Amino acid sequence: MNFHLRIWRQDHEKVKGFFEEIEAVNIPADASFLEMLDMVNNRLIEKQKVPVAFESDCREGICGTCSMVINGIPQGPGRGAACQVYMRSFCDGETITVEPYRAASFPIIKDLVTNRKAYDRIVQAGGFISEHTGGAPDASATLIGKHEADRAMDAAACIGCGACAAACPNSSAMLFVGAKVTHLALLPQGQPERKERALNMVRAMDEEGFGNCSNYYACEAVCPANISASVIATLNREYVAAACRSVAE
Amino acid sequence: MIELDPKIPTGPLEKKWQHFKEHAKLVNPANKRKFRVIVVGSGLAGASAAATLAEQGYNVDCFCFQDSPRRAHSIAAQGGINAAKNYQNDGDSVWRLFYDTLKGGDFRAREANVHRLAEVSRNIIDQCVAQGVPFAREYGGQLANRSFGGAQVSRTFYARGQTGQQLLLGAYASLSHQIKSGRVKMHTHSEMLDLVVVDGHAKGIIVRNLLTGELTRHAADTVMLATGGYSNLYYLSTNARGCNTTAIWRAYKRGALFANPCYTQIHPTCIPVAGDFQSKLTLMSESLRNDGRVWVPKKKGDQRAPQDIPEEERDYYLERKYPAYGNLAPRDISSRSAKEVCDEGRGVGPGGLGVYLDFKDAIARLGKKGVEERYGNLFEMYENITGENAYERPMRIFPALHYTMGGLWVDYHLMSNLPGLYVLGEANFSDHGANRLGASALMQGLADGYFIVPYTLGEYLSTQFGNKVTTDSPEFEEAEAAVRGRMNRLLEVRGTVSSEQFHRELGTLLWEKCGMARSRESLLEALTEIPKIRERFWNEVGVPGTGSSFNQALEAAGRVADFFELGELLCRDALTREESCGGHFRVEYQLPDGEALRNDDQFNCVHAWQYQGEGKEPTLIKEPLNYEFVHPATRNYKH
């Protein structure tokens, strides 16, 4: 198959970027999107040109390293991360636009690579349970109903790729933050820090410059891990309850 | 020559670890603040070690090449984690987990290490539950378990098909907590490119900032490598693209011994290679073999569609050869049998490198819905990758490189022969012998980081008061210059072939000559061919751009250069080990039924290799494995 690529090239954050037109010829239909980019890059190296920078790691949709926008959709069309997009899902001769995430809190590093450390900092603000290694009671001491455990797992499945904020017109990270707050609020172990967690993570999210949710549901539509937008409702509830309680106290 | 001391405590097997912990030297809380620990890698072993040591009061610098510590390849583990909890009341115990692990490894691991692993397995589950890892639960709220290969009890804990992800995110959460507290300084997009050894002790590393290209020196009181395995040596494997051998290979070249490099694990059920564009292989859970039947056409080169091949022209070769186990034959047997039928020209799919895994009978028995309930997500994944519907035509599967049991040599304290250098998780060689059982990799990574190294570190650090080094010492100077020299050499070739193409060539060669089956002849061939490809690499590789910027081509080329060197050592090790055991199968040494033929008289030992300098043959140092408590039997899963 042949494709006409419009790929975003930008050397670093401080210079202006542009779309470069690249022909991707003789691409097998069974190649993944990233393998197509590998082939394009190998051909650029043959011509001693600088290859297109993009990040990927596990290439099975779980590590969340991929961060590109394909034809306007963060992580590309279909379910799953960009590494799970296959060329057979495009038409022969199609023009494909590839660009980095567009969100002020994810500054560009190079070409399709963006800096998503803001998500790490939000987790550092409270996305954990403060236990001490070695002091845990026997695991069977805490019973957790299957229903709660399953719902916690649904939320915990987030891969931290940033597609939610990249898709949102407000660059809101509330799907990401909501997923972590929901996961830990559902479990008995998460209760002691429940209030501070919601307050601290929301504060960190605001400080990183992410916007607020205004119910576009674009995040849910693109999420490779199928996180439901209902975690945002949970986050709002957790935050309001925590804020009211801290005012009352 | 070095005399290897595994430092195994004396006394009864079940008391060794307890005894060690009660008598190990400690560093008092006020002094812990004075020590700096470098942890390289942020997977299960690295993240858990960094978080726990910071909790104890040490200053930790943690490095990973990814953009976040949450990305390490531990995240992709699917099946589960073993622990001897006996929650199912099915007769499990520490002894059984110990024995299963030792037997699974074909009696090529240390008894004391494996017993300790089985002991601490129970603490891991407690720790993870306390962190909020959402393990699968029964309706009554109890933890659920499932069975895994090589065991007759249900001891595997799991979080859907994403157990690795949830365990890693648990360790990442603890690490994040410690980063916030200021006791861990996290360095992302930072690749270790050399180890700095001062007066024989590992005291620092040279790191390249992948975003800016800047080289930095980091000094500490001890260095821990938790940098994973080297399956990507074969180019195509189930590992992530970034997985590499550079950190442990640099340590090897600085004097750390590399043990058992030839112990590689090949997983029988992966999606086959679709073409020479392919960048990685995806694992399909082995559980599929519970209901799927493996077959190939009886006729060579049969080009008919599978549904057009009548029943009597199909060869259900596992059921035919191993009637007792059938499609559930052990991993190594299944993998090698698939290779045999493909070598005979009876393989299916592109290039004839695949066998069918057919669910026709299962669908007839359980209905499509029944099969969907059990394996729906796997069928979906298969269709997404191959574009084929496995309800309508059989799946195609083929074995792939998955895990490496070999790694840097460590003693009972997880310290290498270089004082001050600890090696954790898949990067070390210690606990799985010649073959790893399913659901044991996660267990070992977390055991090393949460429960072992935090106890053994005091033994070393308590001897290191007043031994601070600074980054302006000549050793740092020399190591940084060496790194810069290697980088410049790669940049100066100015060729036109990508390092990926050389990597693929190396991988194909190793897969053919030193893969599922190895022979003296094939290994000698590989040892002649590898230096030739390597020479072309150094003359033709193209690395555009500069060293002082974000340059992924340079990162890849550096890793491939190290893979070439490791490839040679691996073949040399496979050649020296004149027996078959676990994942290492030499065709010259097999029983009439195709099972591995061990040679305990000559090879009941660890092969540790010592680097002797550029162009010189490495020296082999043997550590005998003394079986005091169990008798190494011939591995038998038939009865």
# chains A, B, ... in the order shown; residues from 1 in each chain; ligands from 1

call {"tool": "interface_residues", "arguments": {"of": "chain B", "to": "chain A", "cutoff": "7 Å", "atoms": "only C-alpha atoms", "output": "JSON list (two decimals) with all heavy atoms, in the first residue's frame"}}
result
[["chain", "number", "residue", "atom", "x", "y", "z"],
["B", 52, "THR", "N", 11.53, 1.43, 48.68],
["B", 52, "THR", "CA", 11.75, 0.85, 50.01],
["B", 52, "THR", "C", 13.01, 1.43, 50.67],
["B", 52, "THR", "O", 13.02, 1.74, 51.86],
["B", 52, "THR", "CB", 11.84, -0.68, 49.92],
["B", 52, "THR", "OG1", 10.66, -1.15, 49.28],
["B", 52, "THR", "CG2", 11.97, -1.32, 51.28],
["B", 71, "ARG", "N", 6.48, 3.27, 32.90],
["B", 71, "ARG", "CA", 6.42, 2.61, 31.58],
["B", 71, "ARG", "C", 7.21, 1.30, 31.48],
["B", 71, "ARG", "O", 7.12, 0.62, 30.46],
["B", 71, "ARG", "CB", 6.98, 3.54, 30.51],
["B", 71, "ARG", "CG", 6.46, 4.95, 30.55],
["B", 71, "ARG", "CD", 5.26, 5.15, 29.66],
["B", 71, "ARG", "NE", 4.90, 6.54, 29.59],
["B", 71, "ARG", "CZ", 3.66, 7.01, 29.80],
["B", 71, "ARG", "NH1", 2.68, 6.18, 30.07],
["B", 71, "ARG", "NH2", 3.41, 8.29, 29.70],
["B", 73, "HIS", "N", 8.93, -2.35, 31.26],
["B", 73, "HIS", "CA", 8.25, -3.47, 30.59],
["B", 73, "HIS", "C", 7.57, -4.46, 31.54],
["B", 73, "HIS", "O", 6.77, -5.28, 31.10],
["B", 73, "HIS", "CB", 9.20, -4.20, 29.65],
["B", 73, "HIS", "CG", 8.49, -5.13, 28.72],
["B", 73, "HIS", "ND1", 7.49, -4.70, 27.87],
["B", 73, "HIS", "CD2", 8.57, -6.46, 28.53],
["B", 73, "HIS", "CE1", 7.01, -5.74, 27.20],
["B", 73, "HIS", "NE2", 7.65, -6.82, 27.58],
["B", 75, "ILE", "N", 5.26, -3.82, 33.03],
["B", 75, "ILE", "CA", 3.85, -3.45, 32.87],
["B", 75, "ILE", "C", 3.11, -4.37, 31.93],
["B", 75, "ILE", "O", 1.89, -4.48, 31.98],
["B", 75, "ILE", "CB", 3.76, -1.97, 32.41],
["B", 75, "ILE", "CG1", 2.44, -1.36, 32.89],
["B", 75, "ILE", "CG2", 3.90, -1.83, 30.88],
["B", 75, "ILE", "CD1", 2.43, 0.12, 32.98],
["B", 76, "ALA", "N", 3.83, -5.07, 31.05],
["B", 76, "ALA", "CA", 3.16, -5.87, 30.04],
["B", 76, "ALA", "C", 2.87, -7.30, 30.49],
["B", 76, "ALA", "O", 2.23, -8.06, 29.77],
["B", 76, "ALA", "CB", 3.98, -5.88, 28.76],
["B", 125, "ILE", "N", 2.37, -10.40, 48.44],
["B", 125, "ILE", "CA", 0.91, -10.23, 48.25],
["B", 125, "ILE", "C", 0.37, -9.29, 49.33],
["B", 125, "ILE", "O", -0.43, -8.40, 49.05],
["B", 125, "ILE", "CB", 0.21, -11.61, 48.29],
["B", 125, "ILE", "CG1", 0.79, -12.54, 47.22],
["B", 125, "ILE", "CG2", -1.30, -11.46, 48.11],
["B", 125, "ILE", "CD1", 0.73, -12.01, 45.80],
["B", 126, "ASP", "N", 0.82, -9.46, 50.57],
["B", 126, "ASP", "CA", 0.38, -8.56, 51.65],
["B", 126, "ASP", "C", 0.70, -7.11, 51.30],
["B", 126, "ASP", "O", -0.13, -6.21, 51.42],
["B", 126, "ASP", "CB", 1.08, -8.92, 52.97],
["B", 126, "ASP", "CG", 0.82, -10.36, 53.40],
["B", 126, "ASP", "OD1", -0.16, -10.95, 52.90],
["B", 126, "ASP", "OD2", 1.61, -10.88, 54.22],
["B", 127, "GLN", "N", 1.94, -6.91, 50.87],
["B", 127, "GLN", "CA", 2.41, -5.57, 50.53],
["B", 127, "GLN", "C", 1.57, -4.95, 49.41],
["B", 127, "GLN", "O", 1.14, -3.80, 49.50],
["B", 127, "GLN", "CB", 3.88, -5.69, 50.10],
["B", 127, "GLN", "CG", 4.47, -4.49, 49.41],
["B", 127, "GLN", "CD", 4.77, -3.38, 50.38],
["B", 127, "GLN", "OE1", 4.64, -3.53, 51.58],
["B", 127, "GLN", "NE2", 5.13, -2.22, 49.84],
["B", 129, "VAL", "N", -1.48, -5.74, 48.35],
["B", 129, "VAL", "CA", -2.86, -5.46, 48.76],
["B", 129, "VAL", "C", -2.89, -4.18, 49.59],
["B", 129, "VAL", "O", -3.76, -3.32, 49.40],
["B", 129, "VAL", "CB", -3.45, -6.66, 49.54],
["B", 129, "VAL", "CG1", -4.75, -6.28, 50.25],
["B", 129, "VAL", "CG2", -3.71, -7.82, 48.58],
["B", 130, "ALA", "N", -1.92, -3.99, 50.46],
["B", 130, "ALA", "CA", -1.87, -2.77, 51.28],
["B", 130, "ALA", "C", -1.71, -1.52, 50.41],
["B", 130, "ALA", "O", -2.19, -0.44, 50.76],
["B", 130, "ALA", "CB", -0.73, -2.86, 52.29],
["B", 131, "GLN", "N", -1.06, -1.68, 49.27],
["B", 131, "GLN", "CA", -0.87, -0.54, 48.36],
["B", 131, "GLN", "C", -2.11, -0.22, 47.54],
["B", 131, "GLN", "O", -2.14, 0.77, 46.83],
["B", 131, "GLN", "CB", 0.22, -0.87, 47.33],
["B", 131, "GLN", "CG", 1.61, -0.82, 47.83],
["B", 131, "GLN", "CD", 2.56, -1.36, 46.78],
["B", 131, "GLN", "OE1", 2.17, -2.07, 45.85],
["B", 131, "GLN", "NE2", 3.82, -1.03, 46.93],
["B", 132, "GLY", "N", -3.09, -1.14, 47.56],
["B", 132, "GLY", "CA", -4.30, -0.91, 46.76],
["B", 132, "GLY", "C", -4.28, -1.58, 45.41],
["B", 132, "GLY", "O", -5.03, -1.19, 44.52],
["B", 134, "PRO", "N", -5.60, -3.85, 42.84],
["B", 134, "PRO", "CA", -6.93, -4.49, 42.78],
["B", 134, "PRO", "C", -6.88, -5.91, 42.24],
["B", 134, "PRO", "O", -7.32, -6.19, 41.13],
["B", 134, "PRO", "CB", -7.70, -3.56, 41.84],
["B", 134, "PRO", "CG", -6.66, -2.95, 40.95],
["B", 134, "PRO", "CD", -5.37, -2.92, 41.72],
["B", 136, "ALA", "N", -7.91, -9.79, 41.65],
["B", 136, "ALA", "CA", -9.22, -10.42, 41.45],
["B", 136, "ALA", "C", -9.73, -10.99, 42.77],
["B", 136, "ALA", "O", -8.94, -11.50, 43.57],
["B", 136, "ALA", "CB", -9.10, -11.51, 40.40],
["B", 137, "ARG", "N", -11.03, -10.89, 42.98],
["B", 137, "ARG", "CA", -11.66, -11.33, 44.24],
["B", 137, "ARG", "C", -12.81, -12.29, 43.95],
["B", 137, "ARG", "O", -13.43, -12.25, 42.90],
["B", 137, "ARG", "CB", -12.23, -10.11, 44.98],
["B", 137, "ARG", "CG", -11.20, -9.07, 45.37],
["B", 137, "ARG", "CD", -10.65, -9.35, 46.74],
["B", 137, "ARG", "NE", -9.51, -8.48, 47.05],
["B", 137, "ARG", "CZ", -8.96, -8.45, 48.27],
["B", 137, "ARG", "NH1", -9.44, -9.19, 49.26],
["B", 137, "ARG", "NH2", -7.93, -7.66, 48.50],
["B", 138, "GLU", "N", -13.10, -13.10, 44.95],
["B", 138, "GLU", "CA", -14.29, -13.96, 44.92],
["B", 138, "GLU", "C", -15.48, -13.13, 45.38],
["B", 138, "GLU", "O", -15.31, -12.04, 45.93],
["B", 138, "GLU", "CB", -14.12, -15.15, 45.88],
["B", 138, "GLU", "CG", -12.86, -15.96, 45.71],
["B", 138, "GLU", "CD", -12.87, -16.83, 44.48],
["B", 138, "GLU", "OE1", -13.90, -16.83, 43.77],
["B", 138, "GLU", "OE2", -11.85, -17.46, 44.20],
["B", 139, "TYR", "N", -16.70, -13.67, 45.20],
["B", 139, "TYR", "CA", -17.88, -12.91, 45.62],
["B", 139, "TYR", "C", -17.87, -12.61, 47.11],
["B", 139, "TYR", "O", -18.35, -11.59, 47.57],
["B", 139, "TYR", "CB", -19.17, -13.64, 45.21],
["B", 139, "TYR", "CG", -19.44, -13.44, 43.73],
["B", 139, "TYR", "CD1", -19.10, -14.40, 42.79],
["B", 139, "TYR", "CD2", -20.00, -12.24, 43.28],
["B", 139, "TYR", "CE1", -19.30, -14.19, 41.45],
["B", 139, "TYR", "CE2", -20.21, -12.02, 41.93],
["B", 139, "TYR", "CZ", -19.86, -13.00, 41.02],
["B", 139, "TYR", "OH", -20.05, -12.78, 39.68],
["B", 140, "GLY", "N", -17.30, -13.52, 47.90],
["B", 140, "GLY", "CA", -17.24, -13.29, 49.34],
["B", 140, "GLY", "C", -16.17, -12.30, 49.75],
["B", 140, "GLY", "O", -16.01, -12.01, 50.94],
["B", 141, "GLY", "N", -15.42, -11.78, 48.80],
["B", 141, "GLY", "CA", -14.41, -10.78, 49.11],
["B", 141, "GLY", "C", -13.01, -11.33, 49.26],
["B", 141, "GLY", "O", -12.05, -10.58, 49.40],
["B", 142, "GLN", "N", -12.85, -12.68, 49.22],
["B", 142, "GLN", "CA", -11.51, -13.26, 49.35],
["B", 142, "GLN", "C", -10.72, -13.10, 48.06],
["B", 142, "GLN", "O", -11.29, -12.95, 46.98],
["B", 142, "GLN", "CB", -11.59, -14.77, 49.67],
["B", 142, "GLN", "CG", -12.41, -15.13, 50.87],
["B", 142, "GLN", "CD", -13.85, -15.43, 50.48],
["B", 142, "GLN", "OE1", -14.36, -14.93, 49.48],
["B", 142, "GLN", "NE2", -14.53, -16.21, 51.31],
["B", 143, "LEU", "N", -9.41, -13.17, 48.17],
["B", 143, "LEU", "CA", -8.56, -13.11, 46.98],
["B", 143, "LEU", "C", -8.75, -14.36, 46.14],
["B", 143, "LEU", "O", -8.82, -15.47, 46.68],
["B", 143, "LEU", "CB", -7.09, -12.98, 47.41],
["B", 143, "LEU", "CG", -6.72, -11.59, 47.93],
["B", 143, "LEU", "CD1", -5.56, -11.67, 48.90],
["B", 143, "LEU", "CD2", -6.40, -10.65, 46.77],
["B", 173, "ALA", "N", 3.45, 3.96, 42.52],
["B", 173, "ALA", "CA", 2.77, 4.83, 43.48],
["B", 173, "ALA", "C", 3.67, 5.04, 44.70],
["B", 173, "ALA", "O", 3.85, 6.17, 45.18],
["B", 173, "ALA", "CB", 1.43, 4.24, 43.89],
["B", 174, "SER", "N", 4.26, 3.95, 45.21],
["B", 174, "SER", "CA", 5.17, 4.07, 46.36],
["B", 174, "SER", "C", 6.37, 4.94, 45.99],
["B", 174, "SER", "O", 6.82, 5.76, 46.79],
["B", 174, "SER", "CB", 5.68, 2.70, 46.79],
["B", 174, "SER", "OG", 4.63, 1.96, 47.32],
["B", 176, "SER", "N", 6.44, 7.26, 43.70],
["B", 176, "SER", "CA", 5.97, 8.64, 43.57],
["B", 176, "SER", "C", 5.88, 9.31, 44.94],
["B", 176, "SER", "O", 6.22, 10.49, 45.09],
["B", 176, "SER", "CB", 4.60, 8.67, 42.90],
["B", 176, "SER", "OG", 4.69, 8.16, 41.60],
["B", 177, "HIS", "N", 5.40, 8.54, 45.92],
["B", 177, "HIS", "CA", 5.31, 9.05, 47.29],
["B", 177, "HIS", "C", 6.70, 9.49, 47.78],
["B", 177, "HIS", "O", 6.87, 10.56, 48.37],
["B", 177, "HIS", "CB", 4.73, 7.94, 48.16],
["B", 177, "HIS", "CG", 4.51, 8.35, 49.59],
["B", 177, "HIS", "ND1", 4.26, 7.43, 50.58],
["B", 177, "HIS", "CD2", 4.51, 9.55, 50.19],
["B", 177, "HIS", "CE1", 4.12, 8.07, 51.73],
["B", 177, "HIS", "NE2", 4.26, 9.35, 51.52],
["B", 179, "ILE", "N", 9.31, 10.21, 45.89],
["B", 179, "ILE", "CA", 9.81, 11.34, 45.09],
["B", 179, "ILE", "C", 9.28, 12.63, 45.70],
["B", 179, "ILE", "O", 10.01, 13.61, 45.89],
["B", 179, "ILE", "CB", 9.37, 11.20, 43.61],
["B", 179, "ILE", "CG1", 10.04, 9.99, 42.95],
["B", 179, "ILE", "CG2", 9.71, 12.48, 42.83],
["B", 179, "ILE", "CD1", 9.50, 9.63, 41.58],
["B", 180, "LYS", "N", 7.99, 12.61, 46.04],
["B", 180, "LYS", "CA", 7.37, 13.79, 46.65],
["B", 180, "LYS", "C", 8.06, 14.14, 47.97],
["B", 180, "LYS", "O", 8.28, 15.32, 48.28],
["B", 180, "LYS", "CB", 5.88, 13.50, 46.88],
["B", 180, "LYS", "CG", 5.11, 14.67, 47.44],
["B", 180, "LYS", "CD", 4.94, 15.74, 46.38],
["B", 180, "LYS", "CE", 4.08, 16.90, 46.89],
["B", 180, "LYS", "NZ", 4.02, 17.98, 45.88],
["B", 239, "ASN", "N", 9.49, -8.68, 24.28],
["B", 239, "ASN", "CA", 9.91, -7.54, 25.08],
["B", 239, "ASN", "C", 9.57, -6.21, 24.40],
["B", 239, "ASN", "O", 9.34, -6.16, 23.20],
["B", 239, "ASN", "CB", 11.43, -7.57, 25.28],
["B", 239, "ASN", "CG", 11.86, -8.54, 26.38],
["B", 239, "ASN", "OD1", 13.00, -8.52, 26.82],
["B", 239, "ASN", "ND2", 10.95, -9.40, 26.83],
["B", 240, "ALA", "N", 9.58, -5.14, 25.20],
["B", 240, "ALA", "CA", 9.34, -3.81, 24.66],
["B", 240, "ALA", "C", 10.52, -3.41, 23.79],
["B", 240, "ALA", "O", 11.63, -3.94, 23.93],
["B", 240, "ALA", "CB", 9.16, -2.81, 25.79],
["B", 241, "ARG", "N", 10.28, -2.46, 22.90],
["B", 241, "ARG", "CA", 11.31, -2.03, 21.96],
["B", 241, "ARG", "C", 12.57, -1.52, 22.66],
["B", 241, "ARG", "O", 13.68, -1.69, 22.20],
["B", 241, "ARG", "CB", 10.76, -0.91, 21.08],
["B", 241, "ARG", "CG", 9.74, -1.40, 20.11],
["B", 241, "ARG", "CD", 10.37, -2.04, 18.92],
["B", 241, "ARG", "NE", 10.89, -1.05, 17.99],
["B", 241, "ARG", "CZ", 11.50, -1.35, 16.86],
["B", 241, "ARG", "NH1", 11.69, -2.62, 16.54],
["B", 241, "ARG", "NH2", 11.93, -0.40, 16.08],
["B", 242, "GLY", "N", 12.36, -0.85, 23.78],
["B", 242, "GLY", "CA", 13.50, -0.21, 24.44],
["B", 242, "GLY", "C", 14.35, -1.16, 25.28],
["B", 242, "GLY", "O", 15.46, -0.80, 25.69],
["B", 277, "PHE", "N", 8.92, -6.60, 8.03],
["B", 277, "PHE", "CA", 8.72, -5.26, 8.58],
["B", 277, "PHE", "C", 8.43, -5.32, 10.07],
["B", 277, "PHE", "O", 8.40, -4.31, 10.75],
["B", 277, "PHE", "CB", 7.52, -4.60, 7.88],
["B", 277, "PHE", "CG", 6.28, -5.44, 7.95],
["B", 277, "PHE", "CD1", 5.47, -5.40, 9.08],
["B", 277, "PHE", "CD2", 5.95, -6.32, 6.92],
["B", 277, "PHE", "CE1", 4.35, -6.22, 9.17],
["B", 277, "PHE", "CE2", 4.83, -7.13, 7.01],
["B", 277, "PHE", "CZ", 4.03, -7.08, 8.14],
["B", 278, "GLN", "N", 8.19, -6.54, 10.57],
["B", 278, "GLN", "CA", 7.67, -6.67, 11.93],
["B", 278, "GLN", "C", 8.65, -6.19, 13.00],
["B", 278, "GLN", "O", 9.84, -6.47, 12.93],
["B", 278, "GLN", "CB", 7.29, -8.12, 12.21],
["B", 278, "GLN", "CG", 6.52, -8.27, 13.48],
["B", 278, "GLN", "CD", 5.40, -9.28, 13.33],
["B", 278, "GLN", "OE1", 5.14, -9.80, 12.26],
["B", 278, "GLN", "NE2", 4.73, -9.55, 14.44],
["B", 279, "SER", "N", 8.13, -5.48, 14.00],
["B", 279, "SER", "CA", 9.02, -4.88, 14.99],
["B", 279, "SER", "C", 8.98, -5.61, 16.33],
["B", 279, "SER", "O", 9.89, -5.44, 17.14],
["B", 279, "SER", "CB", 8.65, -3.42, 15.22],
["B", 279, "SER", "OG", 7.33, -3.32, 15.69],
["B", 282, "THR", "N", 3.80, -10.48, 19.75],
["B", 282, "THR", "CA", 2.83, -10.35, 20.83],
["B", 282, "THR", "C", 2.47, -11.72, 21.37],
["B", 282, "THR", "O", 2.19, -12.65, 20.61],
["B", 282, "THR", "CB", 1.57, -9.61, 20.33],
["B", 282, "THR", "OG1", 1.99, -8.35, 19.81],
["B", 282, "THR", "CG2", 0.59, -9.40, 21.46],
["B", 386, "THR", "N", -3.88, -9.53, 13.33],
["B", 386, "THR", "CA", -3.71, -10.32, 12.10],
["B", 386, "THR", "C", -4.81, -10.04, 11.06],
["B", 386, "THR", "O", -4.66, -10.42, 9.90],
["B", 386, "THR", "CB", -3.77, -11.83, 12.40],
["B", 386, "THR", "OG1", -5.06, -12.12, 12.94],
["B", 386, "THR", "CG2", -2.70, -12.24, 13.39],
["B", 450, "TYR", "N", 11.59, -5.30, 47.24],
["B", 450, "TYR", "CA", 10.91, -4.98, 48.50],
["B", 450, "TYR", "C", 11.55, -5.67, 49.71],
["B", 450, "TYR", "O", 11.62, -5.12, 50.80],
["B", 450, "TYR", "CB", 9.44, -5.43, 48.47],
["B", 450, "TYR", "CG", 8.49, -4.54, 47.71],
["B", 450, "TYR", "CD1", 7.56, -5.10, 46.82],
["B", 450, "TYR", "CD2", 8.47, -3.16, 47.88],
["B", 450, "TYR", "CE1", 6.65, -4.31, 46.13],
["B", 450, "TYR", "CE2", 7.56, -2.36, 47.19],
["B", 450, "TYR", "CZ", 6.66, -2.94, 46.32],
["B", 450, "TYR", "OH", 5.77, -2.16, 45.64],
["B", 496, "THR", "N", 24.69, 4.36, 5.60],
["B", 496, "THR", "CA", 23.32, 4.57, 5.12],
["B", 496, "THR", "C", 22.38, 3.43, 5.54],
["B", 496, "THR", "O", 21.27, 3.34, 5.05],
["B", 496, "THR", "CB", 23.30, 4.66, 3.59],
["B", 496, "THR", "OG1", 23.91, 3.48, 3.08],
["B", 496, "THR", "CG2", 24.03, 5.88, 3.09],
["B", 497, "VAL", "N", 22.85, 2.55, 6.42],
["B", 497, "VAL", "CA", 22.00, 1.44, 6.84],
["B", 497, "VAL", "C", 21.60, 1.68, 8.29],
["B", 497, "VAL", "O", 22.46, 1.96, 9.14],
["B", 497, "VAL", "CB", 22.73, 0.08, 6.69],
["B", 497, "VAL", "CG1", 21.78, -1.07, 7.03],
["B", 497, "VAL", "CG2", 23.31, -0.07, 5.31],
["B", 498, "SER", "N", 20.31, 1.57, 8.58],
["B", 498, "SER", "CA", 19.87, 1.83, 9.96],
["B", 498, "SER", "C", 20.33, 0.71, 10.87],
["B", 498, "SER", "O", 20.48, -0.45, 10.45],
["B", 498, "SER", "CB", 18.35, 1.96, 10.01],
["B", 498, "SER", "OG", 17.76, 0.71, 9.79],
["B", 542, "GLY", "N", 24.18, 3.97, 9.75],
["B", 542, "GLY", "CA", 23.86, 5.39, 9.58],
["B", 542, "GLY", "C", 23.23, 5.95, 10.84],
["B", 542, "GLY", "O", 22.22, 5.45, 11.30],
["B", 544, "PRO", "N", 22.18, 9.58, 11.73],
["B", 544, "PRO", "CA", 22.10, 11.01, 11.43],
["B", 544, "PRO", "C", 21.99, 11.83, 12.72],
["B", 544, "PRO", "O", 21.70, 11.28, 13.78],
["B", 544, "PRO", "CB", 20.81, 11.15, 10.61],
["B", 544, "PRO", "CG", 20.38, 9.75, 10.29],
["B", 544, "PRO", "CD", 20.97, 8.87, 11.33],
["B", 545, "GLY", "N", 22.20, 13.14, 12.61],
["B", 545, "GLY", "CA", 22.06, 14.02, 13.77],
["B", 545, "GLY", "C", 23.34, 14.07, 14.59],
["B", 545, "GLY", "O", 24.39, 13.60, 14.17],
["B", 552, "GLN", "N", 17.20, 9.52, 18.63],
["B", 552, "GLN", "CA", 16.80, 8.13, 18.86],
["B", 552, "GLN", "C", 17.63, 7.15, 18.04],
["B", 552, "GLN", "O", 17.83, 6.01, 18.46],
["B", 552, "GLN", "CB", 15.31, 7.97, 18.54],
["B", 552, "GLN", "CG", 14.42, 8.71, 19.54],
["B", 552, "GLN", "CD", 12.96, 8.73, 19.12],
["B", 552, "GLN", "OE1", 12.64, 9.01, 17.97],
["B", 552, "GLN", "NE2", 12.08, 8.44, 20.06]]

call {"tool": "select_by_dssp", "arguments": {"residues": "range 31-138 of chain B", "states": "strand (DSSP E)", "output": "PyMOL selection string"}}
result
chain B and resi 36-40+59-63+81-82

call {"tool": "write_last_selection", "arguments": {"atoms": "C-alpha atoms", "output": "short mmCIF file (atom, residue, chain, number, x, y, z; two decimals), in the first residue's frame"}}
result
data_model
loop_
_atom_site.label_atom_id
_atom_site.label_comp_id
_atom_site.auth_asym_id
_atom_site.auth_seq_id
_atom_site.Cartn_x
_atom_site.Cartn_y
_atom_site.Cartn_z
CA ARG B 36 23.50 7.66 48.51
CA VAL B 37 22.14 4.76 46.46
CA ILE B 38 21.88 4.68 42.67
CA VAL B 39 19.07 2.53 41.25
CA VAL B 40 19.06 2.04 37.49
CA ASN B 59 19.08 9.02 49.58
CA VAL B 60 18.14 7.43 46.30
CA ASP B 61 18.79 8.48 42.71
CA CYS B 62 16.61 6.44 40.35
CA PHE B 63 17.20 6.42 36.58
CA ILE B 81 2.18 -13.66 40.41
CA ASN B 82 2.83 -16.80 42.43
#

call {"tool": "closest_residue", "arguments": {"among": "B:Glu525, B:Asp358, B:Glu344, B:Glu555", "to": "Arg486 in chain B", "atoms": "only C-alpha atoms"}}
result
B:Glu555

call {"tool": "residues_around", "arguments": {"residues": "range 201-216 of chain A", "least_positions_apart": "5", "cutoff": "10 Å", "atoms": "only C-alpha atoms", "output": "PyMOL selection string"}}
result
chain A and resi 103-106+117-119+121-127+165+167-178+180-181+196+221+229+232-233+235-236+239

call {"tool": "closest_residue", "arguments": {"among": "B:Gly80, B:Pro618, B:Gly420, B:Pro394", "to": "Ser154 in chain B", "atoms": "only C-alpha atoms"}}
result
B:Gly80

call {"tool": "closest_residue", "arguments": {"among": "B:Val94, B:Val587, B:Ala447, B:Val198", "to": "Lys513 in chain B", "atoms": "only C-alpha atoms"}}
result
B:Val587
